[in-house]
Amino acid sequence: MISEVTYIPAKLGMQVRGIDLKNNLTSETIANIKDNVQKHRLLIFKNQGIISCDRHVEISKWFGEMESTFYRHPKSQHPDVFRVSNDEKEGCRNVGRTGWHIDGSFMDKPFNYALYHMVSVPKVGCTAFVGFKELLKSLKPERRAAWDRLWMLGDNREVIHPLIYKHPVTKATVMCFHLGMIACFMWDYRSQNQRVTHENETAQLLQEIHTEIVKDNERLIYKHHWEEGDFIISDNRAVAHEATPETQYPVSQVGLRVLHRTTVAGTTKPEKSDHIEVFN
């Protein structure tokens with residue numbers, strides 16, 4: 001069972017102590033972890049030491065099949081582990097710095113989960129998260145109504161997703177976007193009034209979403225200050241995230257940053273209707 005639980009600031013997720021992910025865990029404990037990811041959206045396991053790439057992938061497979069879409073850096077020790085860094089010789093740079101997003105929004109079925117492990121912790125450089133529950137609740141009614149009419153088109157214009165929809169598992173209202181990879185929006189998709197936003201309107205809407213996330217002195221945002229041994233499991237469909245600017249500070253200033261990330265394949269296409277189509 002998960003023990004010694006303390007809730008993190010902003011009440012987005014929870015810290016987990018008393019479990020060593022490097023060990024083989026019982027099926028009951030694994031089921032408990034999976035249930036808590038759905039319930040809390042973000043689990044932060046503390047004091048894990050260094051988790052190998054192989055074990056990172058094993059943990060990820062508790063949640064489904066692996067799917068990797070990014071370039072494999074030569075230093076990565078597993079094809080399903082995406083390695084990022086503030087040193088291009090150690091990992092891919094500038095990852096997560098193009099705007100708030102969920103992972104895989106450009107895909108027909110965005111990733112279900114993302115799992116993160118910092119194997120080399122710099123002095124500064126956070127991963128910031130925002131919960132869609134809190135974000136949507138904070139909107140004024142007229143803005144929420146407007147966003148409900150929007151669909152996002154990925155930068156390749158081959159994928160279209162509703163900006164707001166129901167999480168297929170929890171049924172919570174969530175969002176789908178990548179503020180740095182949206183070509184345009186469409187109003188009132190599949191209706192007689194559907195239309196694509198022009199360039200200026202698209203930019204305005206992207207800024208609007210960003211502003212709502214960071215408003216009120218970033219009160220909706222949880223910034224995770226990485227410590228040695230941290231391992232995070234997130235429900236990718238329930239929270240957005242981005243890397244803070246400090247993650248790209250040079251090694252000479254803040255030390256080496258190396259983050260390992262895996263993604264679990266999406267099984268559901270975001271849909272506006274009550275009927276959620278599941279793909280096997």
# chains A, B, ... in the order shown; residues from 1 in each chain; ligands from 1

call {"tool": "residues_around", "arguments": {"residues": "stretch 258-262 of chain A", "least_positions_apart": "5", "cutoff": "7 Å", "atoms": "only C-alpha atoms", "output": "PyMOL selection string"}}
result
chain A and resi 80-85+91+114-121

call {"tool": "write_last_selection", "arguments": {"atoms": "N, CA, C and O atoms", "output": "PDB file, in the first residue's frame"}}
result
ATOM      1  N   ASP A  80      13.047   3.397 -25.531  1.00  0.00           N
ATOM      2  CA  ASP A  80      11.800   4.007 -25.080  1.00  0.00           C
ATOM      3  C   ASP A  80      12.004   5.095 -24.039  1.00  0.00           C
ATOM      4  O   ASP A  80      11.033   5.655 -23.524  1.00  0.00           O
ATOM      5  N   VAL A  81      13.251   5.399 -23.719  1.00  0.00           N
ATOM      6  CA  VAL A  81      13.549   6.443 -22.742  1.00  0.00           C
ATOM      7  C   VAL A  81      14.069   7.671 -23.469  1.00  0.00           C
ATOM      8  O   VAL A  81      15.126   7.628 -24.110  1.00  0.00           O
ATOM      9  N   PHE A  82      13.305   8.739 -23.383  1.00  0.00           N
ATOM     10  CA  PHE A  82      13.683  10.011 -23.986  1.00  0.00           C
ATOM     11  C   PHE A  82      14.560  10.753 -22.987  1.00  0.00           C
ATOM     12  O   PHE A  82      14.169  10.979 -21.841  1.00  0.00           O
ATOM     13  N   ARG A  83      15.758  11.127 -23.415  1.00  0.00           N
ATOM     14  CA  ARG A  83      16.753  11.735 -22.533  1.00  0.00           C
ATOM     15  C   ARG A  83      16.913  13.207 -22.887  1.00  0.00           C
ATOM     16  O   ARG A  83      17.232  13.544 -24.032  1.00  0.00           O
ATOM     17  N   VAL A  84      16.668  14.080 -21.911  1.00  0.00           N
ATOM     18  CA  VAL A  84      16.783  15.521 -22.138  1.00  0.00           C
ATOM     19  C   VAL A  84      17.817  16.104 -21.185  1.00  0.00           C
ATOM     20  O   VAL A  84      18.068  15.560 -20.100  1.00  0.00           O
ATOM     21  N   SER A  85      18.401  17.228 -21.586  1.00  0.00           N
ATOM     22  CA  SER A  85      19.486  17.793 -20.794  1.00  0.00           C
ATOM     23  C   SER A  85      19.667  19.270 -21.136  1.00  0.00           C
ATOM     24  O   SER A  85      19.091  19.788 -22.095  1.00  0.00           O
ATOM     25  N   GLY A  91      22.019  15.022 -23.750  1.00  0.00           N
ATOM     26  CA  GLY A  91      20.597  14.793 -24.001  1.00  0.00           C
ATOM     27  C   GLY A  91      20.040  15.868 -24.915  1.00  0.00           C
ATOM     28  O   GLY A  91      20.731  16.830 -25.268  1.00  0.00           O
ATOM     29  N   ALA A 114       2.735   9.968 -18.608  1.00  0.00           N
ATOM     30  CA  ALA A 114       4.146  10.307 -18.776  1.00  0.00           C
ATOM     31  C   ALA A 114       4.833  10.061 -17.439  1.00  0.00           C
ATOM     32  O   ALA A 114       4.277  10.370 -16.372  1.00  0.00           O
ATOM     33  N   LEU A 115       6.045   9.489 -17.497  1.00  0.00           N
ATOM     34  CA  LEU A 115       6.802   9.168 -16.295  1.00  0.00           C
ATOM     35  C   LEU A 115       8.178   9.804 -16.393  1.00  0.00           C
ATOM     36  O   LEU A 115       8.870   9.660 -17.408  1.00  0.00           O
ATOM     37  N   TYR A 116       8.565  10.530 -15.346  1.00  0.00           N
ATOM     38  CA  TYR A 116       9.779  11.334 -15.358  1.00  0.00           C
ATOM     39  C   TYR A 116      10.721  10.937 -14.220  1.00  0.00           C
ATOM     40  O   TYR A 116      10.270  10.663 -13.104  1.00  0.00           O
ATOM     41  N   HIS A 117      12.015  10.957 -14.515  1.00  0.00           N
ATOM     42  CA  HIS A 117      13.022  10.678 -13.492  1.00  0.00           C
ATOM     43  C   HIS A 117      14.248  11.536 -13.765  1.00  0.00           C
ATOM     44  O   HIS A 117      14.817  11.473 -14.864  1.00  0.00           O
ATOM     45  N   MET A 118      14.630  12.345 -12.786  1.00  0.00           N
ATOM     46  CA  MET A 118      15.800  13.210 -12.929  1.00  0.00           C
ATOM     47  C   MET A 118      17.021  12.452 -12.425  1.00  0.00           C
ATOM     48  O   MET A 118      17.160  12.205 -11.216  1.00  0.00           O
ATOM     49  N   VAL A 119      17.899  12.089 -13.344  1.00  0.00           N
ATOM     50  CA  VAL A 119      19.064  11.291 -12.955  1.00  0.00           C
ATOM     51  C   VAL A 119      20.276  12.157 -12.639  1.00  0.00           C
ATOM     52  O   VAL A 119      21.226  11.689 -12.021  1.00  0.00           O
ATOM     53  N   SER A 120      20.239  13.422 -13.064  1.00  0.00           N
ATOM     54  CA  SER A 120      21.268  14.380 -12.671  1.00  0.00           C
ATOM     55  C   SER A 120      20.561  15.694 -12.383  1.00  0.00           C
ATOM     56  O   SER A 120      19.981  16.308 -13.286  1.00  0.00           O
ATOM     57  N   VAL A 121      20.576  16.109 -11.119  1.00  0.00           N
ATOM     58  CA  VAL A 121      19.769  17.237 -10.664  1.00  0.00           C
ATOM     59  C   VAL A 121      20.597  18.522 -10.654  1.00  0.00           C
ATOM     60  O   VAL A 121      21.613  18.597  -9.951  1.00  0.00           O
TER      61      VAL A 121
END

call {"tool": "select_by_dssp", "arguments": {"residues": "stretch 83-270 of chain A", "states": "alpha helix (DSSP H)", "output": "VMD selection string"}}
result
chain A and resid 132 to 138 141 to 147 199 to 218 251 to 254

call {"tool": "residues_around", "arguments": {"residues": "A:Thr202", "least_positions_apart": "6", "cutoff": "10 Å", "atoms": "only C-alpha atoms", "output": "list in words"}}
result
Met152, Ile182, Ala183, Cys184, Phe185, Met186, Val196 and Glu208 of chain A

call {"tool": "select_by_dssp", "arguments": {"residues": "stretch 21-113 of chain A", "states": "strand (DSSP E or B)", "output": "PyMOL selection string"}}
result
chain A and resi 42-45+66+82-85+92+101+113

call {"tool": "closest_residue", "arguments": {"among": "A:Leu153, A:Ile232, A:Cys53, A:Leu206", "to": "A:Met107", "atoms": "only C-alpha atoms"}}
result
A:Leu153

call {"tool": "closest_residue", "arguments": {"among": "A:Met175, A:Ile213, A:Leu205, A:Ile59", "to": "A:Leu139", "atoms": "only C-alpha atoms"}}
result
A:Ile213

call {"tool": "residues_around", "arguments": {"residues": "stretch 269-272 of chain A", "least_positions_apart": "3", "cutoff": "12 Å", "atoms": "only C-alpha atoms", "output": "VMD selection string"}}
result
chain A and resid 104 to 112 148 to 152 159 to 169 171 173 to 177 188 to 190 237 265 to 266 275 to 280

call {"tool": "atom_distance", "arguments": {"atom1": "atom CA of A:Gly255", "atom2": "atom CA of A:Pro74"}}
result
20.4 Å

call {"tool": "closest_residue", "arguments": {"among": "A:Pro250, A:Lys123, A:Trp187, A:Glu90", "to": "A:Glu227", "atoms": "only C-alpha atoms"}}
result
A:Lys123

call {"tool": "residues_around", "arguments": {"residues": "A:Ser138", "least_positions_apart": "5", "cutoff": "10 Å", "atoms": "only C-alpha atoms", "output": "JSON, numbers by chain"}}
result
{"A": [132, 133, 144, 212, 213, 215, 220]}

call {"tool": "closest_residue", "arguments": {"among": "A:Ile233, A:Val124, A:Leu179, A:Leu256", "to": "A:Leu42", "atoms": "only C-alpha atoms"}}
result
A:Ile233

call {"tool": "residues_around", "arguments": {"residues": "A:Gly131", "least_positions_apart": "3", "cutoff": "8 Å", "atoms": "only C-alpha atoms", "output": "JSON, numbers by chain"}}
result
{"A": [12, 134, 135, 220, 221, 238, 239, 240]}

call {"tool": "residues_around", "arguments": {"residues": "stretch 25-27 of chain A", "least_positions_apart": "3", "cutoff": "12 Å", "atoms": "only C-alpha atoms", "output": "list in words"}}
result
Met1, Ile2, Ile19, Asp20, Leu21, Lys22, Ile30, Ala31, Asn32, Ile33, Lys34, Glu58, Ile59 and Trp62 of chain A

call {"tool": "write_last_selection", "arguments": {"atoms": "all heavy atoms", "output": "compact mmCIF listing (two decimals), in the first residue's frame"}}
result
# COMPACT_ATOMS: atom_id res chain seq x y z
N MET A 1 0.83 -1.19 0.00
CA MET A 1 0.00 0.00 0.00
C MET A 1 0.88 1.25 0.00
O MET A 1 1.99 1.24 0.47
CB MET A 1 -0.90 0.03 1.25
CG MET A 1 -1.84 -1.15 1.34
SD MET A 1 -3.15 -1.10 0.09
CE MET A 1 -4.14 0.25 0.72
N ILE A 2 0.34 2.35 -0.51
CA ILE A 2 1.05 3.63 -0.46
C ILE A 2 0.98 4.16 0.96
O ILE A 2 -0.09 4.23 1.56
CB ILE A 2 0.45 4.63 -1.46
CG1 ILE A 2 0.77 4.17 -2.88
CG2 ILE A 2 0.98 6.02 -1.24
CD1 ILE A 2 0.31 5.11 -3.94
N ILE A 19 7.94 3.65 -0.41
CA ILE A 19 7.96 2.65 -1.48
C ILE A 19 9.25 2.80 -2.25
O ILE A 19 9.65 3.92 -2.60
CB ILE A 19 6.76 2.84 -2.43
CG1 ILE A 19 5.46 2.44 -1.74
CG2 ILE A 19 6.94 2.01 -3.71
CD1 ILE A 19 4.23 2.63 -2.60
N ASP A 20 9.92 1.70 -2.52
CA ASP A 20 11.13 1.70 -3.34
C ASP A 20 10.78 1.11 -4.70
O ASP A 20 10.58 -0.10 -4.82
CB ASP A 20 12.24 0.89 -2.66
CG ASP A 20 13.58 1.01 -3.38
OD1 ASP A 20 13.59 1.50 -4.53
OD2 ASP A 20 14.60 0.61 -2.80
N LEU A 21 10.70 1.96 -5.71
CA LEU A 21 10.30 1.52 -7.04
C LEU A 21 11.32 0.59 -7.70
O LEU A 21 11.00 -0.07 -8.69
CB LEU A 21 10.05 2.73 -7.94
CG LEU A 21 8.84 3.61 -7.56
CD1 LEU A 21 8.82 4.86 -8.44
CD2 LEU A 21 7.54 2.84 -7.69
N LYS A 22 12.51 0.55 -7.16
CA LYS A 22 13.53 -0.34 -7.73
C LYS A 22 13.25 -1.79 -7.39
O LYS A 22 13.76 -2.70 -8.05
CB LYS A 22 14.92 0.07 -7.23
CG LYS A 22 15.38 1.45 -7.70
CD LYS A 22 16.83 1.74 -7.33
CE LYS A 22 17.06 1.78 -5.84
NZ LYS A 22 16.27 2.87 -5.19
N ILE A 30 0.95 -2.28 -6.88
CA ILE A 30 0.92 -1.69 -8.22
C ILE A 30 -0.49 -1.19 -8.54
O ILE A 30 -0.67 -0.08 -9.06
CB ILE A 30 1.39 -2.71 -9.27
CG1 ILE A 30 2.88 -3.02 -9.07
CG2 ILE A 30 1.13 -2.19 -10.69
CD1 ILE A 30 3.39 -4.16 -9.93
N ALA A 31 -1.51 -1.98 -8.21
CA ALA A 31 -2.89 -1.56 -8.45
C ALA A 31 -3.21 -0.30 -7.66
O ALA A 31 -3.91 0.60 -8.14
CB ALA A 31 -3.85 -2.68 -8.09
N ASN A 32 -2.69 -0.21 -6.44
CA ASN A 32 -2.91 0.95 -5.59
C ASN A 32 -2.27 2.19 -6.19
O ASN A 32 -2.87 3.29 -6.19
CB ASN A 32 -2.36 0.68 -4.20
CG ASN A 32 -2.70 1.76 -3.20
OD1 ASN A 32 -1.88 2.63 -2.94
ND2 ASN A 32 -3.89 1.69 -2.63
N ILE A 33 -1.06 2.03 -6.73
CA ILE A 33 -0.37 3.15 -7.39
C ILE A 33 -1.17 3.63 -8.60
O ILE A 33 -1.40 4.82 -8.79
CB ILE A 33 1.05 2.73 -7.81
CG1 ILE A 33 1.95 2.57 -6.58
CG2 ILE A 33 1.66 3.76 -8.78
CD1 ILE A 33 3.31 1.97 -6.86
N LYS A 34 -1.62 2.69 -9.41
CA LYS A 34 -2.40 3.05 -10.60
C LYS A 34 -3.69 3.77 -10.23
O LYS A 34 -4.07 4.77 -10.87
CB LYS A 34 -2.69 1.79 -11.42
CG LYS A 34 -1.45 1.17 -12.04
CD LYS A 34 -1.69 -0.21 -12.60
CE LYS A 34 -2.59 -0.20 -13.79
NZ LYS A 34 -2.71 -1.54 -14.40
N GLU A 58 9.93 -0.76 -17.25
CA GLU A 58 9.09 -1.77 -16.59
C GLU A 58 7.95 -1.11 -15.82
O GLU A 58 6.79 -1.56 -15.88
CB GLU A 58 9.94 -2.61 -15.64
CG GLU A 58 10.89 -3.58 -16.33
CD GLU A 58 11.77 -4.31 -15.33
OE1 GLU A 58 11.64 -4.05 -14.11
OE2 GLU A 58 12.59 -5.14 -15.75
N ILE A 59 8.26 -0.05 -15.10
CA ILE A 59 7.23 0.68 -14.34
C ILE A 59 6.20 1.28 -15.30
O ILE A 59 4.99 1.21 -15.06
CB ILE A 59 7.88 1.77 -13.47
CG1 ILE A 59 8.78 1.14 -12.42
CG2 ILE A 59 6.82 2.66 -12.83
CD1 ILE A 59 9.69 2.14 -11.70
N TRP A 62 3.33 -0.86 -16.48
CA TRP A 62 2.18 -1.10 -15.61
C TRP A 62 0.93 -0.41 -16.17
O TRP A 62 -0.19 -0.84 -15.93
CB TRP A 62 2.43 -0.53 -14.21
CG TRP A 62 3.54 -1.14 -13.43
CD1 TRP A 62 4.21 -2.30 -13.70
CD2 TRP A 62 4.12 -0.59 -12.23
NE1 TRP A 62 5.18 -2.51 -12.74
CE2 TRP A 62 5.15 -1.49 -11.83
CE3 TRP A 62 3.89 0.54 -11.47
CZ2 TRP A 62 5.93 -1.26 -10.69
CZ3 TRP A 62 4.65 0.77 -10.34
CH2 TRP A 62 5.66 -0.12 -9.95

call {"tool": "atom_distance", "arguments": {"atom1": "atom CA of A:Glu242", "atom2": "atom CA of A:His210"}}
result
11.3 Å
